[in-house]
$ cat input_20.cif   # mmCIF, C-alpha atoms and all ligand atoms
data_input
loop_
_atom_site.label_atom_id
_atom_site.label_comp_id
_atom_site.auth_asym_id
_atom_site.auth_seq_id
_atom_site.Cartn_x
_atom_site.Cartn_y
_atom_site.Cartn_z
CA MET E 22 0.00 0.00 0.00
CA ASP E 23 1.41 3.35 -0.99
CA ASN E 24 -1.27 5.63 0.31
CA PRO E 25 -0.86 6.50 4.00
CA ARG E 26 -4.60 7.11 4.27
CA HIS E 27 -5.41 3.52 3.34
CA ILE E 28 -5.89 0.79 5.87
CA GLY E 29 -2.85 -1.45 5.55
CA TYR E 30 -0.33 1.27 4.84
CA ALA E 31 2.81 0.50 6.78
CA LEU E 32 5.84 2.78 6.85
CA SER E 33 8.25 -0.12 7.14
CA LEU E 34 8.86 -3.24 9.16
CA ASP E 35 9.98 -0.98 11.98
CA HIS E 36 6.40 0.17 12.41
CA ASP E 37 3.32 -1.62 13.56
CA PHE E 38 1.12 -3.37 11.06
CA CYS E 39 -0.38 -0.26 9.55
CA GLN E 40 -0.94 3.34 10.33
CA ALA E 41 -4.63 2.76 11.04
CA CYS E 42 -3.81 0.00 13.52
CA PHE E 43 -1.15 2.15 15.06
CA ARG E 44 -3.76 4.82 15.62
CA LEU E 45 -6.16 2.21 16.95
CA LYS E 46 -3.65 0.80 19.41
CA ASN E 47 -2.24 4.09 20.57
CA TYR E 48 -5.12 6.46 20.40
CA GLY E 49 -8.15 4.16 20.46
CA GLU E 50 -9.36 5.46 17.09
CA SER E 51 -11.31 3.62 14.37
CA HIS E 52 -12.97 1.00 16.54
CA ASP E 53 -14.48 -1.05 13.76
CA HIS E 54 -11.16 -1.36 11.98
CA PHE E 55 -10.36 -4.97 11.09
CA HIS E 56 -8.04 -5.97 8.29
CA PRO E 57 -6.53 -9.42 8.40
CA GLU E 58 -5.13 -9.02 4.91
CA ASP E 59 -2.96 -6.02 5.65
CA LEU E 60 0.46 -7.17 6.61
CA PRO E 61 3.85 -5.53 6.65
CA VAL E 62 6.00 -6.23 3.62
CA LEU E 63 7.55 -9.66 3.96
CA GLU E 64 10.33 -11.21 1.89
CA LYS E 65 8.73 -12.82 -1.16
CA ASP E 66 10.13 -16.33 -1.11
CA ALA E 67 9.63 -16.85 2.60
CA LEU E 68 8.41 -19.65 4.80
CA ILE E 69 5.33 -18.31 6.54
CA VAL E 70 4.35 -20.15 9.69
CA MET E 71 0.79 -19.30 10.65
CA VAL E 72 0.41 -19.87 14.40
CA SER E 73 -2.98 -20.49 16.01
CA SER E 74 -3.87 -21.59 19.49
CA VAL E 75 -6.41 -24.33 20.15
CA LEU E 76 -8.35 -21.49 21.79
CA ASN E 77 -8.79 -19.67 18.48
CA LEU E 78 -9.33 -22.51 16.02
CA ASP E 79 -12.42 -20.62 14.83
CA MET E 80 -10.03 -18.12 13.23
CA LEU E 81 -7.54 -20.70 11.92
CA PHE E 82 -7.94 -19.89 8.21
CA GLU E 83 -9.56 -16.48 8.56
CA TYR E 84 -6.39 -14.51 7.81
CA PRO E 85 -5.76 -14.97 4.09
CA VAL E 86 -2.09 -13.98 4.25
CA TYR E 87 -1.45 -16.36 1.33
CA ARG E 88 -3.38 -14.04 -1.00
CA TYR E 89 -0.86 -11.30 -0.37
CA GLN E 90 2.23 -13.50 -0.26
CA SER E 91 1.62 -15.68 -3.26
CA LYS E 92 5.28 -16.76 -3.50
CA GLY E 93 5.40 -17.76 0.15
CA THR E 94 5.34 -21.32 1.45
CA PHE E 95 2.76 -21.81 4.18
CA VAL E 96 2.84 -24.06 7.21
CA TYR E 97 0.12 -23.97 9.88
CA ILE E 98 0.88 -24.58 13.54
CA ILE E 99 -1.90 -25.46 15.94
CA ASN E 100 -0.20 -24.49 19.17
CA GLN E 101 -1.14 -24.97 22.85
CA MET E 102 -2.27 -28.55 22.21
CA ASP E 103 -1.41 -29.24 25.88
CA LEU E 104 -4.56 -27.26 26.81
CA LEU E 105 -6.85 -29.87 25.27
CA PRO E 106 -7.94 -32.73 27.52
CA LYS E 107 -5.71 -35.82 27.23
CA GLN E 108 -8.59 -37.87 25.82
CA THR E 109 -9.04 -35.51 22.83
CA ASN E 110 -9.08 -37.38 19.54
CA THR E 111 -6.26 -35.43 17.89
CA ASP E 112 -6.38 -37.58 14.71
CA LEU E 113 -9.96 -36.51 14.20
CA LEU E 114 -9.01 -32.91 14.92
CA LEU E 115 -6.29 -33.02 12.27
CA GLU E 116 -8.59 -34.74 9.80
CA ASN E 117 -11.28 -32.08 10.29
CA ILE E 118 -8.79 -29.24 9.98
CA THR E 119 -7.35 -30.79 6.81
CA ASN E 120 -10.84 -31.11 5.35
CA LYS E 121 -11.60 -27.50 6.22
CA ALA E 122 -8.36 -26.36 4.55
CA LYS E 123 -9.29 -28.31 1.40
CA LYS E 124 -12.81 -26.91 1.37
CA MET E 125 -11.46 -23.38 1.69
CA ASN E 126 -8.69 -23.95 -0.89
CA ILE E 127 -6.00 -22.95 1.57
CA PRO E 128 -2.52 -23.40 0.10
CA TYR E 129 -0.31 -25.10 2.68
CA LEU E 130 2.45 -27.60 3.00
CA ASP E 131 1.84 -29.00 6.48
CA ILE E 132 -0.32 -28.63 9.54
CA ILE E 133 1.61 -29.19 12.75
CA MET E 134 -0.03 -29.78 16.11
CA MET E 135 2.29 -28.95 18.99
CA SER E 136 2.85 -27.30 22.31
CA ALA E 137 5.45 -24.59 22.68
CA LYS E 138 5.82 -25.80 26.26
CA ASN E 139 6.88 -29.26 25.17
CA PRO E 140 10.67 -29.43 24.58
CA SER E 141 10.45 -32.38 22.20
CA ASP E 142 7.86 -30.57 20.05
CA ILE E 143 10.23 -27.61 19.89
CA GLU E 144 13.16 -29.84 18.97
CA ASN E 145 11.12 -31.43 16.17
CA LEU E 146 10.04 -28.01 14.92
CA LYS E 147 13.64 -26.83 14.88
CA LEU E 148 14.70 -29.81 12.74
CA TYR E 149 11.67 -29.39 10.50
CA LEU E 150 12.32 -25.68 9.84
CA ASN E 151 16.03 -26.22 9.32
CA ASP E 152 15.29 -28.42 6.29
CA PHE E 153 13.72 -25.55 4.37
CA LYS E 154 15.85 -23.71 1.85
CA GLN E 155 14.00 -20.44 2.56
CA HIS E 156 16.15 -17.83 4.18
CA HIS E 157 13.33 -16.01 6.01
CA ILE E 158 10.83 -17.65 8.35
CA TYR E 159 7.97 -15.57 9.74
CA LEU E 160 5.79 -16.49 12.72
CA ILE E 161 2.39 -14.90 12.11
CA GLY E 162 -0.91 -15.22 13.97
CA VAL E 163 -3.35 -13.59 16.34
CA GLN E 164 -2.31 -12.19 19.68
CA ASN E 165 -1.52 -14.71 22.39
CA SER E 166 -1.28 -17.68 20.01
CA GLY E 167 2.24 -18.33 21.28
CA LYS E 168 4.50 -16.94 18.53
CA THR E 169 7.00 -15.38 20.92
CA THR E 170 7.02 -18.48 23.12
CA ILE E 171 7.90 -20.56 20.05
CA PHE E 172 10.46 -17.98 18.89
CA LYS E 173 12.16 -17.94 22.30
CA ALA E 174 12.28 -21.72 22.48
CA LEU E 175 13.64 -22.08 18.93
CA THR E 176 16.29 -19.41 19.30
CA GLU E 177 16.99 -19.80 23.02
CA ASN E 178 16.40 -16.08 23.28
CA GLN E 179 15.80 -15.10 26.91
CA ASP E 180 14.91 -11.46 26.36
CA ALA E 181 11.75 -11.45 24.24
CA LEU E 182 8.57 -11.03 26.25
CA ALA E 183 5.94 -13.77 26.15
CA PHE E 184 3.01 -13.74 28.50
CA LYS E 185 -0.76 -13.53 28.44
CA LYS E 186 -0.91 -9.82 27.78
CA ALA E 187 -2.39 -9.44 24.32
CA GLY E 188 -0.41 -7.41 21.81
CA LEU E 189 2.78 -7.83 23.78
CA THR E 190 5.10 -8.03 20.77
CA GLN E 191 4.97 -4.57 19.28
CA GLU E 192 7.87 -4.76 16.83
CA PRO E 193 9.11 -7.64 14.68
CA LEU E 194 11.95 -9.49 16.40
CA TYR E 195 14.47 -11.57 14.49
CA HIS E 196 17.16 -14.08 15.21
CA ARG E 197 19.64 -15.75 12.87
CA LEU E 198 19.68 -19.50 13.16
CA ASN E 199 22.05 -21.41 10.86
CA HIS E 200 21.18 -20.34 7.27
CA GLN E 201 17.88 -18.75 8.28
CA VAL E 202 16.41 -15.68 9.91
CA ILE E 203 13.41 -16.32 12.15
CA TRP E 204 10.98 -13.44 12.60
CA ASP E 205 8.57 -13.14 15.50
CA MET E 206 5.86 -10.79 14.28
CA PRO E 207 3.44 -8.63 16.28
CA GLY E 208 0.12 -10.42 16.73
CA LEU E 209 -2.66 -9.83 14.21
CA PHE E 210 -5.30 -7.68 15.80
CA GLN E 211 -8.58 -9.50 16.42
CA LYS E 212 -11.47 -7.29 17.39
CA GLY E 213 -13.62 -8.33 20.34
CA TYR E 214 -11.02 -10.31 22.29
CA ILE E 215 -11.23 -10.21 26.05
CA HIS E 216 -8.43 -7.69 26.65
CA GLU E 217 -10.72 -5.01 25.16
CA PHE E 218 -13.18 -5.48 28.00
CA LEU E 219 -11.20 -6.30 31.12
CA PRO E 220 -7.96 -5.25 32.79
CA TYR E 221 -4.96 -7.55 32.40
CA ASN E 222 -5.03 -8.70 36.02
CA THR E 223 -8.56 -9.99 35.51
CA TYR E 224 -8.34 -11.52 32.06
CA LYS E 225 -4.99 -13.24 32.65
CA LYS E 226 -6.72 -15.55 35.14
CA MET E 227 -9.42 -16.38 32.60
CA ILE E 228 -7.12 -17.60 29.82
CA PRO E 229 -6.31 -21.27 30.39
CA ASP E 230 -2.65 -22.22 30.73
CA GLN E 231 -2.93 -25.87 31.59
CA GLU E 232 -4.96 -28.87 30.53
CA ILE E 233 -8.64 -27.94 30.47
CA LYS E 234 -11.09 -30.20 32.28
CA PRO E 235 -14.31 -30.08 30.25
CA LYS E 236 -17.45 -29.38 32.27
CA ILE E 237 -20.65 -31.08 31.17
CA TYR E 238 -24.15 -29.69 31.75
CA GLN E 239 -27.59 -31.08 30.97
CA LEU E 240 -30.04 -28.24 30.50
CA LYS E 241 -33.82 -28.35 30.36
CA LYS E 242 -35.84 -26.05 28.13
CA ASP E 243 -35.39 -22.39 29.17
CA GLN E 244 -32.57 -23.10 31.56
CA ALA E 245 -29.48 -20.93 31.32
CA LEU E 246 -25.85 -21.01 32.38
CA MET E 247 -23.88 -17.95 33.35
CA ILE E 248 -20.12 -17.91 32.92
CA GLU E 249 -19.18 -15.56 35.72
CA GLY E 250 -21.04 -12.29 34.99
CA LEU E 251 -19.80 -12.28 31.42
CA VAL E 252 -21.76 -14.60 29.17
CA SER E 253 -25.07 -16.35 29.66
CA ILE E 254 -26.30 -19.19 27.45
CA ALA E 255 -29.98 -20.11 27.51
CA VAL E 256 -31.41 -23.01 25.52
CA ARG E 257 -34.85 -23.22 23.93
CA GLU E 258 -34.75 -27.06 23.91
CA PRO E 259 -33.25 -29.58 26.36
CA SER E 260 -29.56 -29.92 25.61
CA HIS E 261 -26.15 -31.21 26.51
CA LEU E 262 -23.37 -28.62 26.74
CA VAL E 263 -19.64 -29.21 27.21
CA PHE E 264 -17.59 -26.19 28.31
CA TYR E 265 -13.84 -25.83 27.77
CA LEU E 266 -12.81 -22.99 30.06
CA ASP E 267 -10.21 -22.22 32.69
CA ASP E 268 -10.97 -23.71 36.09
CA HIS E 269 -11.21 -20.18 37.55
CA MET E 270 -14.33 -19.49 35.48
CA LYS E 271 -17.39 -20.17 37.60
CA ILE E 272 -20.47 -21.51 35.81
CA HIS E 273 -23.82 -20.94 37.47
CA LYS E 274 -27.09 -22.63 36.44
CA THR E 275 -30.22 -20.49 36.42
CA ASN E 276 -33.41 -19.83 34.47
CA VAL E 277 -33.67 -17.70 31.35
CA THR E 278 -36.04 -15.28 33.12
CA ARG E 279 -33.49 -14.68 35.87
CA VAL E 280 -30.56 -13.82 33.58
CA LYS E 281 -31.49 -10.18 33.05
CA GLU E 282 -31.89 -9.63 36.81
CA LEU E 283 -28.51 -11.21 37.51
CA ILE E 284 -26.86 -9.01 34.92
CA ASP E 285 -28.57 -5.91 36.30
CA GLU E 286 -27.20 -6.79 39.75
CA LYS E 287 -23.87 -8.03 38.40
CA GLU E 288 -21.73 -6.31 41.07
CA LYS E 289 -23.60 -8.23 43.78
CA HIS E 290 -23.26 -11.68 42.21
CA PHE E 291 -20.11 -11.88 40.15
CA GLN E 292 -16.41 -11.16 40.33
CA ILE E 293 -16.02 -10.74 36.57
CA PHE E 294 -18.44 -8.57 34.59
CA VAL E 295 -18.56 -5.61 32.19
CA GLU E 296 -20.71 -2.51 31.81
CA GLN E 297 -22.61 -3.16 28.59
CA TYR E 298 -24.20 -6.33 27.26
CA GLU E 299 -25.96 -7.41 24.08
CA LYS E 300 -28.21 -10.33 23.25
CA LYS E 301 -27.63 -12.70 20.31
CA LEU E 302 -29.61 -15.61 18.97
CA PHE E 303 -27.82 -18.59 17.46
CA LYS E 304 -29.81 -21.11 15.45
CA ILE E 305 -27.53 -24.10 15.51
CA PRO E 306 -28.00 -26.56 12.65
CA ASP E 307 -27.91 -30.33 12.86
CA GLY E 308 -24.68 -31.86 14.12
CA LYS E 309 -21.96 -31.07 16.60
CA HIS E 310 -21.01 -27.39 16.84
CA GLN E 311 -18.67 -25.11 18.71
CA ILE E 312 -19.35 -21.68 20.14
CA THR E 313 -16.05 -19.91 20.73
CA PHE E 314 -15.92 -17.18 23.38
CA ALA E 315 -13.35 -14.65 22.18
CA ASP E 316 -9.94 -15.98 23.25
CA PHE E 317 -10.82 -17.55 26.61
CA GLY E 318 -12.58 -20.80 25.80
CA PHE E 319 -15.38 -22.56 23.95
CA LEU E 320 -18.41 -24.75 24.21
CA HIS E 321 -19.52 -27.85 22.30
CA LEU E 322 -23.18 -28.57 21.69
CA GLU E 323 -25.34 -30.63 19.39
CA GLY E 324 -27.81 -29.08 16.94
CA PRO E 325 -30.51 -28.53 15.96
CA ILE E 326 -31.03 -26.14 18.82
CA THR E 327 -31.67 -22.45 19.42
CA VAL E 328 -29.44 -20.70 21.90
CA GLU E 329 -29.82 -17.21 23.35
CA ILE E 330 -26.64 -15.55 24.48
CA TYR E 331 -26.03 -12.45 26.60
CA GLN E 332 -22.51 -11.21 26.14
CA PRO E 333 -20.35 -8.14 26.59
CA LYS E 334 -21.25 -5.73 23.78
CA GLY E 335 -18.82 -6.38 20.93
CA LEU E 336 -17.27 -9.57 22.34
CA HIS E 337 -16.12 -11.88 19.53
CA ILE E 338 -18.31 -14.99 19.71
CA THR E 339 -18.48 -17.41 16.77
CA LEU E 340 -20.43 -20.47 15.78
CA THR E 341 -18.52 -23.12 13.82
CA GLU E 342 -18.65 -26.87 13.32
CA ALA E 343 -16.92 -28.68 16.18
CA LEU E 344 -13.51 -29.93 15.09
CA PHE E 345 -13.20 -32.67 17.70
CA LYS E 346 -15.30 -34.61 20.16
N1 LIG E 401 -0.12 -23.95 27.81
C1 LIG E 401 0.52 -23.33 26.81
N2 LIG E 401 0.70 -21.99 26.88
C2 LIG E 401 1.35 -21.41 25.85
C3 LIG E 401 1.84 -22.12 24.73
N3 LIG E 401 2.41 -21.23 23.89
C4 LIG E 401 2.29 -20.03 24.46
N4 LIG E 401 1.66 -20.13 25.65
C5 LIG E 401 1.31 -19.05 26.57
O1 LIG E 401 0.45 -18.14 25.87
C6 LIG E 401 0.70 -16.80 26.30
C7 LIG E 401 0.96 -15.94 25.09
O2 LIG E 401 2.17 -16.34 24.50
P1 LIG E 401 3.02 -15.39 23.56
O3 LIG E 401 4.15 -16.22 23.04
O4 LIG E 401 3.36 -14.12 24.26
O5 LIG E 401 1.96 -15.10 22.40
P2 LIG E 401 2.16 -14.21 21.09
O6 LIG E 401 1.50 -14.94 19.98
O7 LIG E 401 3.59 -13.88 20.91
O8 LIG E 401 1.32 -12.93 21.47
P3 LIG E 401 1.46 -11.40 20.87
O9 LIG E 401 2.86 -10.98 21.00
O10 LIG E 401 0.50 -10.63 21.70
O11 LIG E 401 1.01 -11.50 19.44
C8 LIG E 401 1.86 -16.88 27.29
O12 LIG E 401 1.33 -16.86 28.58
C9 LIG E 401 2.51 -18.23 26.98
O13 LIG E 401 3.14 -18.79 28.11
C10 LIG E 401 1.63 -23.53 24.70
O14 LIG E 401 1.98 -24.27 23.76
N5 LIG E 401 0.95 -24.07 25.77
MG MG E 402 4.51 -12.09 20.84
#

$ encode --input "input_20.cif" --output "structure tokens" --more "lines below"
Ligand SMILES: Nc1nc2c(ncn2[C@@H]2O[C@H](COP(=O)(O)OP(=O)(O)OP(=O)(O)O)[C@@H](O)[C@H]2O)c(=O)[nH]1
Ligand SMILES: [Mg+2]
Amino acid sequence: MDNPRHIGYALSLDHDFCQACFRLKNYGESHDHFHPEDLPVLEKDALIVMVSSVLNLDMLFEYPVYRYQSKGTFVYIINQMDLLPKQTNTDLLLENITNKAKKMNIPYLDIIMMSAKNPSDIENLKLYLNDFKQHHIYLIGVQNSGKTTIFKALTENQDALAFKKAGLTQEPLYHRLNHQVIWDMPGLFQKGYIHEFLPYNTYKKMIPDQEIKPKIYQLKKDQALMIEGLVSIAVREPSHLVFYLDDHMKIHKTNVTRVKELIDEKEKHFQIFVEQYEKKLFKIPDGKHQITFADFGFLHLEGPITVEIYQPKGLHITLTEALFK
């Protein structure tokens, strides 16, 4: 992009993703700004490693970087696999992701499932990357997917910052490793993630960092569940819900008629809540589906079913097919 007024215009790699994002981050301007396709200029013949967390699989292929880097070679990493329960059928997960990639015509070489916290996964990744002839390797993905954690482990860099604070990496970092340069890029901005609504000290406790124990609920018609004072899910038909959330997140069963009252008296009942809420209706089709709550967890449920959700106004909540059981 040559025009500084356009979304996506970046001065150089030394600057954040684009001028509009820079304004958004620093001055809180242009709130509806969202532009997955606008990236800084990358080397053409690069290896581009798209990093997702199991917590944001709903966004796995939503950043079409390949359209803008047509000469690049693409590898997808599904990171933070250690968060999924041990009994997760990872073969099925990979099969479903592969099918999704095919359906969406995503160009890619490999999909790697790993945990940046697992030294043998890191060792394997190091060997894998070293085999590529490409000189430049970029780690790209949404905030908190674990790019810097992978970068640090690969390069044994002790200085780069990696923790749950979203948007922590503000400038591209690089490290030479054998014949290659590995780049840790600032996270792609995803609107509606939890850091927009809550202070760091609150949301850091909500983002899981160890194996999630799924919580199962049987709901009758018009029953509702409240996740802290943040999100309520009411069902119009009897249903079976499986939540994948951090253990800190308290789930409270109630009735759909009581939800509004609880939210109105949120300070009295809950430790975590926001000022403004909105209501959404999801008509879930036949089959197993996933509702993803921003970047802090998700829920599996079986359609057909109608679900009414109260949520912080603007929180990113998506409905997708479930990728595993
Ligand atoms: N359990 C687990 N936690 C991880 C893994 N990878 C990263 N994390 C944690 O996730 C959080 C975010 O990691 P970062 O490496 O800072 O994420 P990032 O993608 O660089 O984030 P930005 O710089 O904001 O784009 C940190 O608390 C990490 O410890 C993993 O494989 N498993
Ligand atoms: Mg980072």

$ closest_residue --input "input_20.cif" --among "E:Val86, E:Leu189, E:Ile158, E:Val70" --to "ligand LIG 401 (chain E)" --atoms "only C-alpha atoms and all ligand atoms"
E:Leu189

$ residues_near_ligand --input "input_20.cif" --ligand "ligand MG 402 (chain E)" --cutoff "6 Å" --atoms "all atoms listed in the file" --output "ChimeraX atom specification"
/E:168-169,183,189-190,207

$ write_last_selection --input "input_20.cif" --atoms "C-alpha atoms" --output "compact mmCIF listing (two decimals), keeping the file's coordinate frame"
# COMPACT_ATOMS: atom_id res chain seq x y z
CA LYS E 168 4.50 -16.94 18.53
CA THR E 169 7.00 -15.38 20.92
CA ALA E 183 5.94 -13.77 26.15
CA LEU E 189 2.78 -7.83 23.78
CA THR E 190 5.10 -8.03 20.77
CA PRO E 207 3.44 -8.63 16.28

$ residues_near_ligand --input "input_20.cif" --ligand "ligand LIG 401 (chain E)" --cutoff "6 Å" --atoms "all atoms listed in the file" --output "VMD selection string"
chain E and resid 100 to 101 103 to 104 136 to 138 163 to 170 183 to 185 187 to 190 207 to 208 230 to 231

$ closest_residue --input "input_20.cif" --among "E:Thr341, E:Gln155, E:Thr109, E:Gln179" --to "E:Lys92" --atoms "all atoms listed in the file"
E:Gln155

$ atom_distance --input "input_20.cif" --atom1 "atom CA of E:Asp152" --atom2 "atom CA of E:Met80"
28.2 Å

$ atom_distance --input "input_20.cif" --atom1 "atom CA of E:Gly318" --atom2 "atom CA of E:His337"
11.5 Å

$ residues_around --input "input_20.cif" --residues "stretch 295-310 of chain E" --least-positions-apart "6" --cutoff "10 Å" --atoms "only C-alpha atoms" --output "ChimeraX atom specification"
/E:218-219,250-256,284-285,287-288,320-336,338-346

$ residues_around --input "input_20.cif" --residues "stretch 215-217 of chain E" --least-positions-apart "4" --cutoff "7 Å" --atoms "all atoms listed in the file" --output "PDB file with C-alpha atoms, in the coordinates of the input"
ATOM      1  CA  ALA E 187      -2.390  -9.440  24.320  1.00  0.00           C
ATOM      2  CA  TYR E 221      -4.960  -7.550  32.400  1.00  0.00           C
ATOM      3  CA  TYR E 224      -8.340 -11.520  32.060  1.00  0.00           C
ATOM      4  CA  ALA E 315     -13.350 -14.650  22.180  1.00  0.00           C
ATOM      5  CA  ASP E 316      -9.940 -15.980  23.250  1.00  0.00           C
TER       6      ASP E 316
END

$ atom_distance --input "input_20.cif" --atom1 "atom CA of E:Ile237" --atom2 "atom CA of E:Tyr265"
9.2 Å

$ residues_near_point --input "input_20.cif" --point "(-28.9, -28.9, 29.2)" --cutoff "8 Å" --atoms "all atoms listed in the file" --output "VMD selection string"
chain E and resid 238 to 242 244 256 259 to 262

$ write_last_selection --input "input_20.cif" --atoms "C-alpha atoms" --output "tab-separated table (two decimals), in the coordinates of the input"
chain	number	residue	atom	x	y	z
E	238	TYR	CA	-24.15	-29.69	31.75
E	239	GLN	CA	-27.59	-31.08	30.97
E	240	LEU	CA	-30.04	-28.24	30.50
E	241	LYS	CA	-33.82	-28.35	30.36
E	242	LYS	CA	-35.84	-26.05	28.13
E	244	GLN	CA	-32.57	-23.10	31.56
E	256	VAL	CA	-31.41	-23.01	25.52
E	259	PRO	CA	-33.25	-29.58	26.36
E	260	SER	CA	-29.56	-29.92	25.61
E	261	HIS	CA	-26.15	-31.21	26.51
E	262	LEU	CA	-23.37	-28.62	26.74

$ residues_around --input "input_20.cif" --residues "E:Lys107" --least-positions-apart "5" --cutoff "12 Å" --atoms "only C-alpha atoms" --output "PyMOL selection string"
chain E and resi 102+231-235+346

$ axis_aligned_box --input "input_20.cif" --around "stretch 80-94 of chain E" --padding-each-side "4 Å" --output "AutoDock Vina command-line options"
--center_x -2.3 --center_y -16.3 --center_z 4.9 --size_x 23.4 --size_y 18.0 --size_z 24.7

$ residues_around --input "input_20.cif" --residues "E:Leu115" --least-positions-apart "3" --cutoff "9 Å" --atoms "only C-alpha atoms" --output "count of residues only"
11

$ residues_near_point --input "input_20.cif" --point "(4.7, -20.0, 8.9)" --cutoff "7 Å" --atoms "only C-alpha atoms" --output "PyMOL selection string"
chain E and resi 68-72+95-97+158-161

$ closest_residue --input "input_20.cif" --among "E:Met247, E:Leu148, E:Met135, E:Val62" --to "E:Phe294" --atoms "all atoms listed in the file"
E:Met247

$ closest_residue --input "input_20.cif" --among "E:Ile228, E:Ser141, E:His290, E:Phe172" --to "E:Leu76" --atoms "only C-alpha atoms"
E:Ile228
